[in-house]
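Novice: What follows is query-v1.pdb, made up of PDB, C-alpha atoms:
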ATOM      1  CA  MET A   6     118.610  94.364  89.144  1.00  0.00           C
ATOM      2  CA  ARG A   7     118.999  92.991  92.600  1.00  0.00           C
ATOM      3  CA  ILE A   8     117.309  93.091  95.995  1.00  0.00           C
ATOM      4  CA  ILE A   9     119.261  95.521  98.160  1.00  0.00           C
ATOM      5  CA  SER A  10     118.337  94.534 101.713  1.00  0.00           C
ATOM      6  CA  GLY A  11     116.266  92.244 103.889  1.00  0.00           C
ATOM      7  CA  LYS A  12     115.641  88.522 103.757  1.00  0.00           C
ATOM      8  CA  TYR A  13     116.152  88.322  99.963  1.00  0.00           C
ATOM      9  CA  ARG A  14     119.214  90.574  99.934  1.00  0.00           C
ATOM     10  CA  GLY A  15     121.396  89.976  96.879  1.00  0.00           C
ATOM     11  CA  LEU A  16     118.720  88.095  94.934  1.00  0.00           C
ATOM     12  CA  LYS A  17     119.098  88.952  91.256  1.00  0.00           C
ATOM     13  CA  LEU A  18     115.833  89.691  89.526  1.00  0.00           C
ATOM     14  CA  ASN A  19     115.066  88.984  85.916  1.00  0.00           C
ATOM     15  CA  SER A  20     114.603  92.154  83.893  1.00  0.00           C
ATOM     16  CA  PHE A  21     113.665  93.178  80.396  1.00  0.00           C
ATOM     17  CA  GLU A  22     116.104  93.195  77.494  1.00  0.00           C
ATOM     18  CA  GLY A  23     116.484  96.417  75.535  1.00  0.00           C
ATOM     19  CA  SER A  24     115.101  99.840  76.340  1.00  0.00           C
ATOM     20  CA  ALA A  25     111.355  99.304  75.892  1.00  0.00           C
ATOM     21  CA  ILE A  26     110.878  98.987  79.675  1.00  0.00           C
ATOM     22  CA  ARG A  27     112.755 101.241  82.079  1.00  0.00           C
ATOM     23  CA  PRO A  28     113.318  99.679  85.502  1.00  0.00           C
ATOM     24  CA  THR A  29     114.211 101.855  88.492  1.00  0.00           C
ATOM     25  CA  ALA A  30     118.012 102.052  88.566  1.00  0.00           C
ATOM     26  CA  ASP A  31     119.699 100.348  91.521  1.00  0.00           C
ATOM     27  CA  ARG A  32     121.195 103.593  92.858  1.00  0.00           C
ATOM     28  CA  VAL A  33     117.784 105.342  92.689  1.00  0.00           C
ATOM     29  CA  LYS A  34     116.140 102.336  94.349  1.00  0.00           C
ATOM     30  CA  GLU A  35     118.778 102.301  97.092  1.00  0.00           C
ATOM     31  CA  SER A  36     118.206 106.013  97.812  1.00  0.00           C
ATOM     32  CA  LEU A  37     114.426 105.538  97.753  1.00  0.00           C
ATOM     33  CA  PHE A  38     114.548 102.730 100.281  1.00  0.00           C
ATOM     34  CA  ASN A  39     116.945 104.666 102.513  1.00  0.00           C
ATOM     35  CA  ILE A  40     114.227 107.341 102.669  1.00  0.00           C
ATOM     36  CA  LEU A  41     111.391 104.846 103.274  1.00  0.00           C
ATOM     37  CA  TYR A  42     113.255 102.417 105.556  1.00  0.00           C
ATOM     38  CA  SER A  43     111.172 103.127 108.683  1.00  0.00           C
ATOM     39  CA  GLU A  44     107.844 102.871 106.834  1.00  0.00           C
ATOM     40  CA  ILE A  45     108.113  99.429 105.226  1.00  0.00           C
ATOM     41  CA  ALA A  46     107.907  96.851 108.030  1.00  0.00           C
ATOM     42  CA  GLY A  47     104.276  95.763 108.324  1.00  0.00           C
ATOM     43  CA  ALA A  48     103.151  98.045 105.484  1.00  0.00           C
ATOM     44  CA  ARG A  49     100.432  97.400 102.929  1.00  0.00           C
ATOM     45  CA  VAL A  50     101.998  98.336  99.574  1.00  0.00           C
ATOM     46  CA  LEU A  51     100.775  98.945  96.032  1.00  0.00           C
ATOM     47  CA  ASP A  52     103.317  98.620  93.210  1.00  0.00           C
ATOM     48  CA  LEU A  53     101.357 100.198  90.342  1.00  0.00           C
ATOM     49  CA  PHE A  54     102.910  99.982  86.854  1.00  0.00           C
ATOM     50  CA  CYS A  55     105.062  97.302  88.519  1.00  0.00           C
ATOM     51  CA  GLY A  56     107.079  96.040  85.536  1.00  0.00           C
ATOM     52  CA  SER A  57     109.432  93.395  86.924  1.00  0.00           C
ATOM     53  CA  GLY A  58     108.192  94.075  90.465  1.00  0.00           C
ATOM     54  CA  SER A  59     111.518  95.191  91.888  1.00  0.00           C
ATOM     55  CA  LEU A  60     110.037  97.880  94.172  1.00  0.00           C
ATOM     56  CA  GLY A  61     107.327  95.655  95.627  1.00  0.00           C
ATOM     57  CA  ILE A  62     109.688  92.703  95.993  1.00  0.00           C
ATOM     58  CA  GLU A  63     112.160  94.950  97.836  1.00  0.00           C
ATOM     59  CA  CYS A  64     109.314  95.805 100.225  1.00  0.00           C
ATOM     60  CA  LEU A  65     108.522  92.107 100.773  1.00  0.00           C
ATOM     61  CA  SER A  66     112.194  91.493 101.474  1.00  0.00           C
ATOM     62  CA  ARG A  67     112.150  94.263 104.088  1.00  0.00           C
ATOM     63  CA  GLY A  68     109.070  92.999 105.924  1.00  0.00           C
ATOM     64  CA  ALA A  69     106.032  94.542 104.239  1.00  0.00           C
ATOM     65  CA  ALA A  70     102.842  92.811 105.328  1.00  0.00           C
ATOM     66  CA  PHE A  71     101.317  92.678 101.848  1.00  0.00           C
ATOM     67  CA  VAL A  72     101.988  93.905  98.304  1.00  0.00           C
ATOM     68  CA  ASP A  73      99.530  94.355  95.441  1.00  0.00           C
ATOM     69  CA  PHE A  74     101.283  94.302  92.052  1.00  0.00           C
ATOM     70  CA  ASN A  75      99.558  95.659  88.949  1.00  0.00           C
ATOM     71  CA  ASP A  76     100.650  96.155  85.347  1.00  0.00           C
ATOM     72  CA  ILE A  77      98.772  96.287  82.066  1.00  0.00           C
ATOM     73  CA  SER A  78     101.493  94.424  80.141  1.00  0.00           C
ATOM     74  CA  PRO A  79     101.171  90.622  80.025  1.00  0.00           C
ATOM     75  CA  ALA A  80     104.942  90.452  79.360  1.00  0.00           C
ATOM     76  CA  SER A  81     105.626  92.462  82.530  1.00  0.00           C
ATOM     77  CA  VAL A  82     103.307  90.289  84.584  1.00  0.00           C
ATOM     78  CA  LYS A  83     104.952  87.134  83.233  1.00  0.00           C
ATOM     79  CA  LEU A  84     108.394  88.472  84.223  1.00  0.00           C
ATOM     80  CA  LEU A  85     107.026  89.555  87.626  1.00  0.00           C
ATOM     81  CA  LYS A  86     105.570  86.105  88.301  1.00  0.00           C
ATOM     82  CA  GLY A  87     108.932  84.559  87.455  1.00  0.00           C
ATOM     83  CA  ASN A  88     110.628  86.875  89.953  1.00  0.00           C
ATOM     84  CA  LEU A  89     108.018  86.191  92.625  1.00  0.00           C
ATOM     85  CA  SER A  90     108.417  82.423  92.161  1.00  0.00           C
ATOM     86  CA  ARG A  91     112.007  82.813  93.396  1.00  0.00           C
ATOM     87  CA  LEU A  92     110.838  84.060  96.811  1.00  0.00           C
ATOM     88  CA  ARG A  93     110.932  81.075  99.129  1.00  0.00           C
ATOM     89  CA  GLY A  94     107.262  80.375  99.861  1.00  0.00           C
ATOM     90  CA  GLU A  95     106.221  84.035  99.965  1.00  0.00           C
ATOM     91  CA  SER A  96     102.463  84.369  99.497  1.00  0.00           C
ATOM     92  CA  ASN A  97     101.547  87.772 100.919  1.00  0.00           C
ATOM     93  CA  PHE A  98     100.946  89.420  97.553  1.00  0.00           C
ATOM     94  CA  THR A  99      98.506  89.579  94.667  1.00  0.00           C
ATOM     95  CA  VAL A 100      99.251  90.076  90.981  1.00  0.00           C
ATOM     96  CA  THR A 101      96.764  91.779  88.672  1.00  0.00           C
ATOM     97  CA  THR A 102      97.018  92.327  84.940  1.00  0.00           C
ATOM     98  CA  GLY A 103      95.028  95.361  83.880  1.00  0.00           C
ATOM     99  CA  ASP A 104      94.749  99.075  83.405  1.00  0.00           C
ATOM    100  CA  TYR A 105      95.826 101.148  86.393  1.00  0.00           C
ATOM    101  CA  SER A 106      92.561 103.134  86.469  1.00  0.00           C
ATOM    102  CA  ALA A 107      90.451  99.982  86.676  1.00  0.00           C
ATOM    103  CA  PHE A 108      92.692  98.651  89.442  1.00  0.00           C
ATOM    104  CA  LEU A 109      92.466 101.897  91.445  1.00  0.00           C
ATOM    105  CA  ALA A 110      88.686 102.039  90.981  1.00  0.00           C
ATOM    106  CA  ARG A 111      88.298  98.752  92.848  1.00  0.00           C
ATOM    107  CA  ALA A 112      91.341  98.964  95.179  1.00  0.00           C
ATOM    108  CA  LYS A 113      90.829  98.119  98.806  1.00  0.00           C
ATOM    109  CA  ALA A 114      91.965 101.215 100.712  1.00  0.00           C
ATOM    110  CA  PRO A 115      94.051 102.235 102.473  1.00  0.00           C
ATOM    111  CA  TYR A 116      97.678 101.584 101.550  1.00  0.00           C
ATOM    112  CA  ASP A 117     100.724 102.619 103.534  1.00  0.00           C
ATOM    113  CA  ILE A 118     102.971 102.970 100.472  1.00  0.00           C
ATOM    114  CA  ILE A 119     102.045 103.384  96.808  1.00  0.00           C
ATOM    115  CA  PHE A 120     104.664 103.314  94.059  1.00  0.00           C
ATOM    116  CA  ILE A 121     103.629 105.024  90.827  1.00  0.00           C
ATOM    117  CA  ASP A 122     106.283 104.391  88.178  1.00  0.00           C
ATOM    118  CA  PRO A 123     104.534 104.725  84.798  1.00  0.00           C
ATOM    119  CA  PRO A 124     106.119 105.063  81.368  1.00  0.00           C
ATOM    120  CA  TYR A 125     107.732 108.514  81.388  1.00  0.00           C
ATOM    121  CA  ALA A 126     106.143 109.551  78.081  1.00  0.00           C
ATOM    122  CA  ASP A 127     102.587 109.167  79.450  1.00  0.00           C
ATOM    123  CA  ASP A 128     100.609 111.364  81.845  1.00  0.00           C
ATOM    124  CA  CYS A 129      98.939 108.336  83.401  1.00  0.00           C
ATOM    125  CA  GLY A 130     100.967 108.854  86.596  1.00  0.00           C
ATOM    126  CA  ILE A 131      99.205 112.169  87.176  1.00  0.00           C
ATOM    127  CA  TYR A 132      95.817 110.506  86.646  1.00  0.00           C
ATOM    128  CA  ALA A 133      96.815 107.701  89.016  1.00  0.00           C
ATOM    129  CA  LEU A 134      97.800 110.248  91.696  1.00  0.00           C
ATOM    130  CA  GLN A 135      94.488 112.051  91.217  1.00  0.00           C
ATOM    131  CA  SER A 136      92.624 108.790  91.775  1.00  0.00           C
ATOM    132  CA  VAL A 137      94.733 107.991  94.851  1.00  0.00           C
ATOM    133  CA  GLY A 138      93.945 111.427  96.315  1.00  0.00           C
ATOM    134  CA  GLU A 139      90.249 111.490  95.414  1.00  0.00           C
ATOM    135  CA  ARG A 140      89.587 107.929  96.588  1.00  0.00           C
ATOM    136  CA  ARG A 141      91.740 108.339  99.729  1.00  0.00           C
ATOM    137  CA  LEU A 142      93.766 105.250  98.944  1.00  0.00           C
ATOM    138  CA  LEU A 143      96.574 106.247 101.324  1.00  0.00           C
ATOM    139  CA  ASN A 144      96.143 105.908 105.058  1.00  0.00           C
ATOM    140  CA  GLU A 145      96.750 109.022 107.158  1.00  0.00           C
ATOM    141  CA  GLY A 146     100.473 108.275 107.545  1.00  0.00           C
ATOM    142  CA  GLY A 147     100.918 106.829 104.054  1.00  0.00           C
ATOM    143  CA  VAL A 148     103.209 107.917 101.243  1.00  0.00           C
ATOM    144  CA  ALA A 149     102.876 107.792  97.463  1.00  0.00           C
ATOM    145  CA  VAL A 150     106.100 107.882  95.460  1.00  0.00           C
ATOM    146  CA  TYR A 151     105.895 109.131  91.883  1.00  0.00           C
ATOM    147  CA  GLU A 152     108.859 108.414  89.599  1.00  0.00           C
ATOM    148  CA  ARG A 153     109.342 110.397  86.402  1.00  0.00           C
ATOM    149  CA  ASP A 154     111.872 112.228  84.240  1.00  0.00           C
ATOM    150  CA  ARG A 155     111.014 115.800  85.270  1.00  0.00           C
ATOM    151  CA  PRO A 156     110.022 117.712  88.392  1.00  0.00           C
ATOM    152  CA  PHE A 157     106.400 117.586  89.488  1.00  0.00           C
ATOM    153  CA  LYS A 158     104.391 120.728  88.826  1.00  0.00           C
ATOM    154  CA  GLY A 159     100.842 121.308  89.981  1.00  0.00           C
ATOM    155  CA  GLU A 160      98.522 120.082  92.687  1.00  0.00           C
ATOM    156  CA  ILE A 161      96.716 116.845  93.409  1.00  0.00           C
ATOM    157  CA  SER A 162      93.436 116.951  95.315  1.00  0.00           C
ATOM    158  CA  GLY A 163      93.791 115.210  98.671  1.00  0.00           C
ATOM    159  CA  LEU A 164      97.608 114.921  98.462  1.00  0.00           C
ATOM    160  CA  GLU A 165     100.502 117.224  99.298  1.00  0.00           C
ATOM    161  CA  VAL A 166     104.045 117.112  97.943  1.00  0.00           C
ATOM    162  CA  ARG A 167     106.325 116.571 100.949  1.00  0.00           C
ATOM    163  CA  ASP A 168     109.647 116.065  99.181  1.00  0.00           C
ATOM    164  CA  GLU A 169     111.196 115.716  95.758  1.00  0.00           C
ATOM    165  CA  ARG A 170     114.619 114.287  94.951  1.00  0.00           C
ATOM    166  CA  ARG A 171     116.601 114.197  91.731  1.00  0.00           C
ATOM    167  CA  TYR A 172     118.922 111.332  90.778  1.00  0.00           C
ATOM    168  CA  GLY A 173     120.450 112.097  87.394  1.00  0.00           C
ATOM    169  CA  LYS A 174     117.487 112.138  84.986  1.00  0.00           C
ATOM    170  CA  THR A 175     115.108 110.566  87.510  1.00  0.00           C
ATOM    171  CA  TYR A 176     112.870 112.498  89.898  1.00  0.00           C
ATOM    172  CA  LEU A 177     111.125 110.981  92.907  1.00  0.00           C
ATOM    173  CA  THR A 178     108.236 113.005  94.285  1.00  0.00           C
ATOM    174  CA  PHE A 179     106.812 112.020  97.681  1.00  0.00           C
ATOM    175  CA  PHE A 180     103.158 112.718  98.475  1.00  0.00           C
ATOM    176  CA  ARG A 181     101.297 112.443 101.767  1.00  0.00           C
ATOM    177  CA  PRO A 182      97.557 112.834 102.388  1.00  0.00           C
ATOM    178  CA  CYS A 183      96.656 116.441 103.178  1.00  0.00           C
ATOM    179  CA  GLY A 184      97.085 117.007 106.906  1.00  0.00           C
ATOM    180  CA  GLY A 185      98.856 113.648 107.330  1.00  0.00           C
ATOM    181  CA  LYS A 186     102.242 112.703 108.750  1.00  0.00           C
ATOM    182  CA  GLU A 187     104.896 115.400 108.233  1.00  0.00           C
ATOM    183  CA  GLN A 188     108.166 113.503 108.064  1.00  0.00           C
ATOM    184  CA  LEU A 189     109.557 111.088 105.512  1.00  0.00           C
TER     185      LEU A 189
END
Will you turn the file into structure tokens for me?

Specialist:
Amino acid sequence: MRIISGKYRGLKLNSFEGSAIRPTADRVKESLFNILYSEIAGARVLDLFCGSGSLGIECLSRGAAFVDFNDISPASVKLLKGNLSRLRGESNFTVTTGDYSAFLARAKAPYDIIFIDPPYADDCGIYALQSVGERRLLNEGGVAVYERDRPFKGEISGLEVRDERRYGKTYLTFFRPCGGKEQL
């Protein structure tokens, strides 16, 4: 894994060995950030289920104002902190170890970008999206990106699907607040 663009471009990030943790593939990440490029500078970002932190760190590299990282796994948070320590004096982030639902229940709204990249086998991403919509954790022009291994089906109160892209076995679904900004 590497940082694709911005002030930390080319920085190699530490990642997990084996297949227990599934990081966002570089080509998926590159496509994602090509879509979000105009929304990152100055953004307040939440990297939920952050793993190694590659999505949030990419945002910091590209000029995000602040990133909240959260993961329930102490091993993930340890790896994340190691990756963050490599960012020259960066301090505009917080790291929380805990369950996503507890984090969202006390989150300081609103965010401009929320990444929801849970383990594919769990439905916790759907529950996280429901909390984001119900608690209005996205600002009017904000976007939530949900990564999973199948297309999104259904509805989320307070959020609308604005786009969905497939990259091999990975699907990215983009949500905006109902009545919010049209374009991605």

Novice: Do you know which residues are at most 6 Å from range 39-50 of chain A counting all atoms listed in the file, after dropping those on the same chain fewer than 5 positions away, and could you put them as number ranges by chain?

Specialist: A: 68-72, 116-119

Novice: Mind writing the picked residues with C-alpha atoms as a PDB file, keeping the file's coordinate frame?

Specialist:
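Output saved as again.pdb:
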ATOM      1  CA  GLY A  68     109.070  92.999 105.924  1.00  0.00           C
ATOM      2  CA  ALA A  69     106.032  94.542 104.239  1.00  0.00           C
ATOM      3  CA  ALA A  70     102.842  92.811 105.328  1.00  0.00           C
ATOM      4  CA  PHE A  71     101.317  92.678 101.848  1.00  0.00           C
ATOM      5  CA  VAL A  72     101.988  93.905  98.304  1.00  0.00           C
ATOM      6  CA  TYR A 116      97.678 101.584 101.550  1.00  0.00           C
ATOM      7  CA  ASP A 117     100.724 102.619 103.534  1.00  0.00           C
ATOM      8  CA  ILE A 118     102.971 102.970 100.472  1.00  0.00           C
ATOM      9  CA  ILE A 119     102.045 103.384  96.808  1.00  0.00           C
TER      10      ILE A 119
END

Novice: Closest to Ile9 in chain A among A:Leu37, A:Gly56, A:Glu63, A:Ala126, using all atoms listed in the file?

Specialist: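 Residue with the minimum atom-to-atom distance to Ile9 in chain A: A:Glu63.
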
Novice: With the file shown as input, list the residues that the PyMOL selection byres ((chain A and resi 143-145) around 9) selects, as a ChimeraX atom specification.

Specialist: /A:114-119,137-138,140-142,146-149,181-186

Novice: I want to know what sits within 12 Å of Leu134 in chain A, based on only C-alpha atoms, with residues of the same chain fewer than 5 positions away left out; could you give that as a CSV table (one decimal) with C-alpha atoms, in the coordinates of the input?

Specialist:
chain,number,residue,atom,x,y,z
A,53,LEU,CA,101.4,100.2,90.3
A,105,TYR,CA,95.8,101.1,86.4
A,106,SER,CA,92.6,103.1,86.5
A,109,LEU,CA,92.5,101.9,91.4
A,119,ILE,CA,102.0,103.4,96.8
A,120,PHE,CA,104.7,103.3,94.1
A,121,ILE,CA,103.6,105.0,90.8
A,122,ASP,CA,106.3,104.4,88.2
A,123,PRO,CA,104.5,104.7,84.8
A,128,ASP,CA,100.6,111.4,81.8
A,129,CYS,CA,98.9,108.3,83.4
A,139,GLU,CA,90.2,111.5,95.4
A,140,ARG,CA,89.6,107.9,96.6
A,141,ARG,CA,91.7,108.3,99.7
A,142,LEU,CA,93.8,105.2,98.9
A,143,LEU,CA,96.6,106.2,101.3
A,148,VAL,CA,103.2,107.9,101.2
A,149,ALA,CA,102.9,107.8,97.5
A,150,VAL,CA,106.1,107.9,95.5
A,151,TYR,CA,105.9,109.1,91.9
A,152,GLU,CA,108.9,108.4,89.6
A,157,PHE,CA,106.4,117.6,89.5
A,159,GLY,CA,100.8,121.3,90.0
A,160,GLU,CA,98.5,120.1,92.7
A,161,ILE,CA,96.7,116.8,93.4
A,162,SER,CA,93.4,117.0,95.3
A,163,GLY,CA,93.8,115.2,98.7
A,164,LEU,CA,97.6,114.9,98.5
A,165,GLU,CA,100.5,117.2,99.3
A,166,VAL,CA,104.0,117.1,97.9
A,178,THR,CA,108.2,113.0,94.3
A,179,PHE,CA,106.8,112.0,97.7
A,180,PHE,CA,103.2,112.7,98.5
A,181,ARG,CA,101.3,112.4,101.8
A,182,PRO,CA,97.6,112.8,102.4

Novice: Just the number, please: distance in Å from CA of Lys86 in chain A to CA of Phe74 in chain A, one decimal.

Specialist: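 Here the two named atoms are 10.0 Å from each other.
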
Novice: Taking (100.1, 88.8, 83.7) in the file's own coordinates, collect the residues within 12 Å, counting all atoms listed in the file, and hand them back as a short mmCIF file (atom, residue, chain, number, x, y, z; two decimals) with C-alpha atoms, in the frame of the given file.

Specialist:
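Once everything was written out, this is selection.cif:
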data_model
loop_
_atom_site.label_atom_id
_atom_site.label_comp_id
_atom_site.auth_asym_id
_atom_site.auth_seq_id
_atom_site.Cartn_x
_atom_site.Cartn_y
_atom_site.Cartn_z
CA PHE A 54 102.91 99.98 86.85
CA CYS A 55 105.06 97.30 88.52
CA GLY A 56 107.08 96.04 85.54
CA SER A 57 109.43 93.40 86.92
CA GLY A 58 108.19 94.08 90.46
CA PHE A 74 101.28 94.30 92.05
CA ASN A 75 99.56 95.66 88.95
CA ASP A 76 100.65 96.16 85.35
CA ILE A 77 98.77 96.29 82.07
CA SER A 78 101.49 94.42 80.14
CA PRO A 79 101.17 90.62 80.03
CA ALA A 80 104.94 90.45 79.36
CA SER A 81 105.63 92.46 82.53
CA VAL A 82 103.31 90.29 84.58
CA LYS A 83 104.95 87.13 83.23
CA LEU A 84 108.39 88.47 84.22
CA LEU A 85 107.03 89.56 87.63
CA LYS A 86 105.57 86.10 88.30
CA GLY A 87 108.93 84.56 87.46
CA THR A 99 98.51 89.58 94.67
CA VAL A 100 99.25 90.08 90.98
CA THR A 101 96.76 91.78 88.67
CA THR A 102 97.02 92.33 84.94
CA GLY A 103 95.03 95.36 83.88
CA ASP A 104 94.75 99.08 83.40
#

Novice: Report, in Å with one decimal, the straight-line distance from CA of Tyr125 in chain A to CA of Cys64 in chain A.

Specialist: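 CA of Tyr125 in chain A sits 22.8 Å away from CA of Cys64 in chain A.
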
Novice: Between CA of Asp73 in chain A and CA of Thr175 in chain A, what distance in Å does the model show, to one decimal?

Specialist: 23.8 Å

Novice: Looking at A:Tyr132, A:Phe38, A:Tyr13, A:Phe21, which one is nearest to Arg91 in chain A, with distances taken over only C-alpha atoms?

Specialist: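 When distances to Arg91 in chain A are compared using only C-alpha atoms, the smallest one comes from A:Tyr13.
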
Novice: Of the residues A:Leu89, A:Leu16, A:Val33, A:Ala107, which is the one nearest to Lys174 in chain A, using only C-alpha atoms?

Specialist: A:Val33

Novice: Counting all atoms listed in the file, which of A:Thr29, A:Ser20, A:Gln135, A:Ser59 gets nearest to Tyr172 in chain A?

Specialist: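 Under the stated criterion, the closest residue is A:Thr29.
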
Novice: Once the PyMOL selection byres ((chain A and resi 31) around 9) has been applied to the shown file, what residues remain in the selection, as a list in words?

Specialist: Met6, Arg7, Ile8, Ile9, Pro28, Thr29, Ala30, Arg32, Val33, Lys34, Glu35 and Ser36 of chain A

Novice: Point out the residue among A:Asn19, A:Leu51, A:Leu65, A:Leu177 with the least atom-to-atom distance to Ala133 in chain A, counting only C-alpha atoms.

Specialist: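 Comparing A:Asn19, A:Leu51, A:Leu65, A:Leu177 against Ala133 in chain A, the winner is A:Leu51.
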
Novice: Can you rebuild range 58-72 of chain A with N, CA, C and O atoms and give it as a PDB file, in the coordinates of the input?

Specialist:
ATOM      1  N   GLY A  58     108.562  94.200  89.056  1.00  0.00           N
ATOM      2  CA  GLY A  58     108.192  94.075  90.465  1.00  0.00           C
ATOM      3  C   GLY A  58     109.289  94.400  91.450  1.00  0.00           C
ATOM      4  O   GLY A  58     109.144  94.139  92.641  1.00  0.00           O
ATOM      5  N   SER A  59     110.366  95.007  90.995  1.00  0.00           N
ATOM      6  CA  SER A  59     111.518  95.191  91.888  1.00  0.00           C
ATOM      7  C   SER A  59     111.204  96.035  93.121  1.00  0.00           C
ATOM      8  O   SER A  59     111.729  95.758  94.196  1.00  0.00           O
ATOM      9  N   LEU A  60     110.342  97.046  93.000  1.00  0.00           N
ATOM     10  CA  LEU A  60     110.037  97.880  94.172  1.00  0.00           C
ATOM     11  C   LEU A  60     109.196  97.107  95.193  1.00  0.00           C
ATOM     12  O   LEU A  60     109.489  97.125  96.389  1.00  0.00           O
ATOM     13  N   GLY A  61     108.162  96.435  94.717  1.00  0.00           N
ATOM     14  CA  GLY A  61     107.327  95.655  95.627  1.00  0.00           C
ATOM     15  C   GLY A  61     108.065  94.476  96.247  1.00  0.00           C
ATOM     16  O   GLY A  61     107.888  94.170  97.425  1.00  0.00           O
ATOM     17  N   ILE A  62     108.914  93.833  95.463  1.00  0.00           N
ATOM     18  CA  ILE A  62     109.688  92.703  95.993  1.00  0.00           C
ATOM     19  C   ILE A  62     110.685  93.197  97.040  1.00  0.00           C
ATOM     20  O   ILE A  62     110.908  92.541  98.065  1.00  0.00           O
ATOM     21  N   GLU A  63     111.268  94.358  96.821  1.00  0.00           N
ATOM     22  CA  GLU A  63     112.160  94.950  97.836  1.00  0.00           C
ATOM     23  C   GLU A  63     111.391  95.164  99.135  1.00  0.00           C
ATOM     24  O   GLU A  63     111.907  94.911 100.220  1.00  0.00           O
ATOM     25  N   CYS A  64     110.141  95.623  99.028  1.00  0.00           N
ATOM     26  CA  CYS A  64     109.314  95.805 100.225  1.00  0.00           C
ATOM     27  C   CYS A  64     109.048  94.476 100.925  1.00  0.00           C
ATOM     28  O   CYS A  64     109.126  94.390 102.159  1.00  0.00           O
ATOM     29  N   LEU A  65     108.721  93.428 100.164  1.00  0.00           N
ATOM     30  CA  LEU A  65     108.522  92.107 100.773  1.00  0.00           C
ATOM     31  C   LEU A  65     109.783  91.652 101.491  1.00  0.00           C
ATOM     32  O   LEU A  65     109.718  91.117 102.602  1.00  0.00           O
ATOM     33  N   SER A  66     110.916  91.876 100.873  1.00  0.00           N
ATOM     34  CA  SER A  66     112.194  91.493 101.474  1.00  0.00           C
ATOM     35  C   SER A  66     112.427  92.206 102.800  1.00  0.00           C
ATOM     36  O   SER A  66     113.011  91.655 103.726  1.00  0.00           O
ATOM     37  N   ARG A  67     111.935  93.439 102.896  1.00  0.00           N
ATOM     38  CA  ARG A  67     112.150  94.263 104.088  1.00  0.00           C
ATOM     39  C   ARG A  67     111.011  94.174 105.099  1.00  0.00           C
ATOM     40  O   ARG A  67     110.953  94.958 106.037  1.00  0.00           O
ATOM     41  N   GLY A  68     110.079  93.254 104.906  1.00  0.00           N
ATOM     42  CA  GLY A  68     109.070  92.999 105.924  1.00  0.00           C
ATOM     43  C   GLY A  68     107.705  93.626 105.715  1.00  0.00           C
ATOM     44  O   GLY A  68     106.915  93.717 106.661  1.00  0.00           O
ATOM     45  N   ALA A  69     107.382  94.042 104.498  1.00  0.00           N
ATOM     46  CA  ALA A  69     106.032  94.542 104.239  1.00  0.00           C
ATOM     47  C   ALA A  69     105.024  93.436 104.516  1.00  0.00           C
ATOM     48  O   ALA A  69     105.299  92.255 104.270  1.00  0.00           O
ATOM     49  N   ALA A  70     103.872  93.806 105.018  1.00  0.00           N
ATOM     50  CA  ALA A  70     102.842  92.811 105.328  1.00  0.00           C
ATOM     51  C   ALA A  70     102.195  92.255 104.071  1.00  0.00           C
ATOM     52  O   ALA A  70     101.868  91.061 104.016  1.00  0.00           O
ATOM     53  N   PHE A  71     102.011  93.116 103.057  1.00  0.00           N
ATOM     54  CA  PHE A  71     101.317  92.678 101.848  1.00  0.00           C
ATOM     55  C   PHE A  71     101.652  93.628 100.706  1.00  0.00           C
ATOM     56  O   PHE A  71     101.791  94.831 100.919  1.00  0.00           O
ATOM     57  N   VAL A  72     101.750  93.084  99.494  1.00  0.00           N
ATOM     58  CA  VAL A  72     101.988  93.905  98.304  1.00  0.00           C
ATOM     59  C   VAL A  72     101.003  93.512  97.211  1.00  0.00           C
ATOM     60  O   VAL A  72     100.856  92.336  96.894  1.00  0.00           O
TER      61      VAL A  72
END
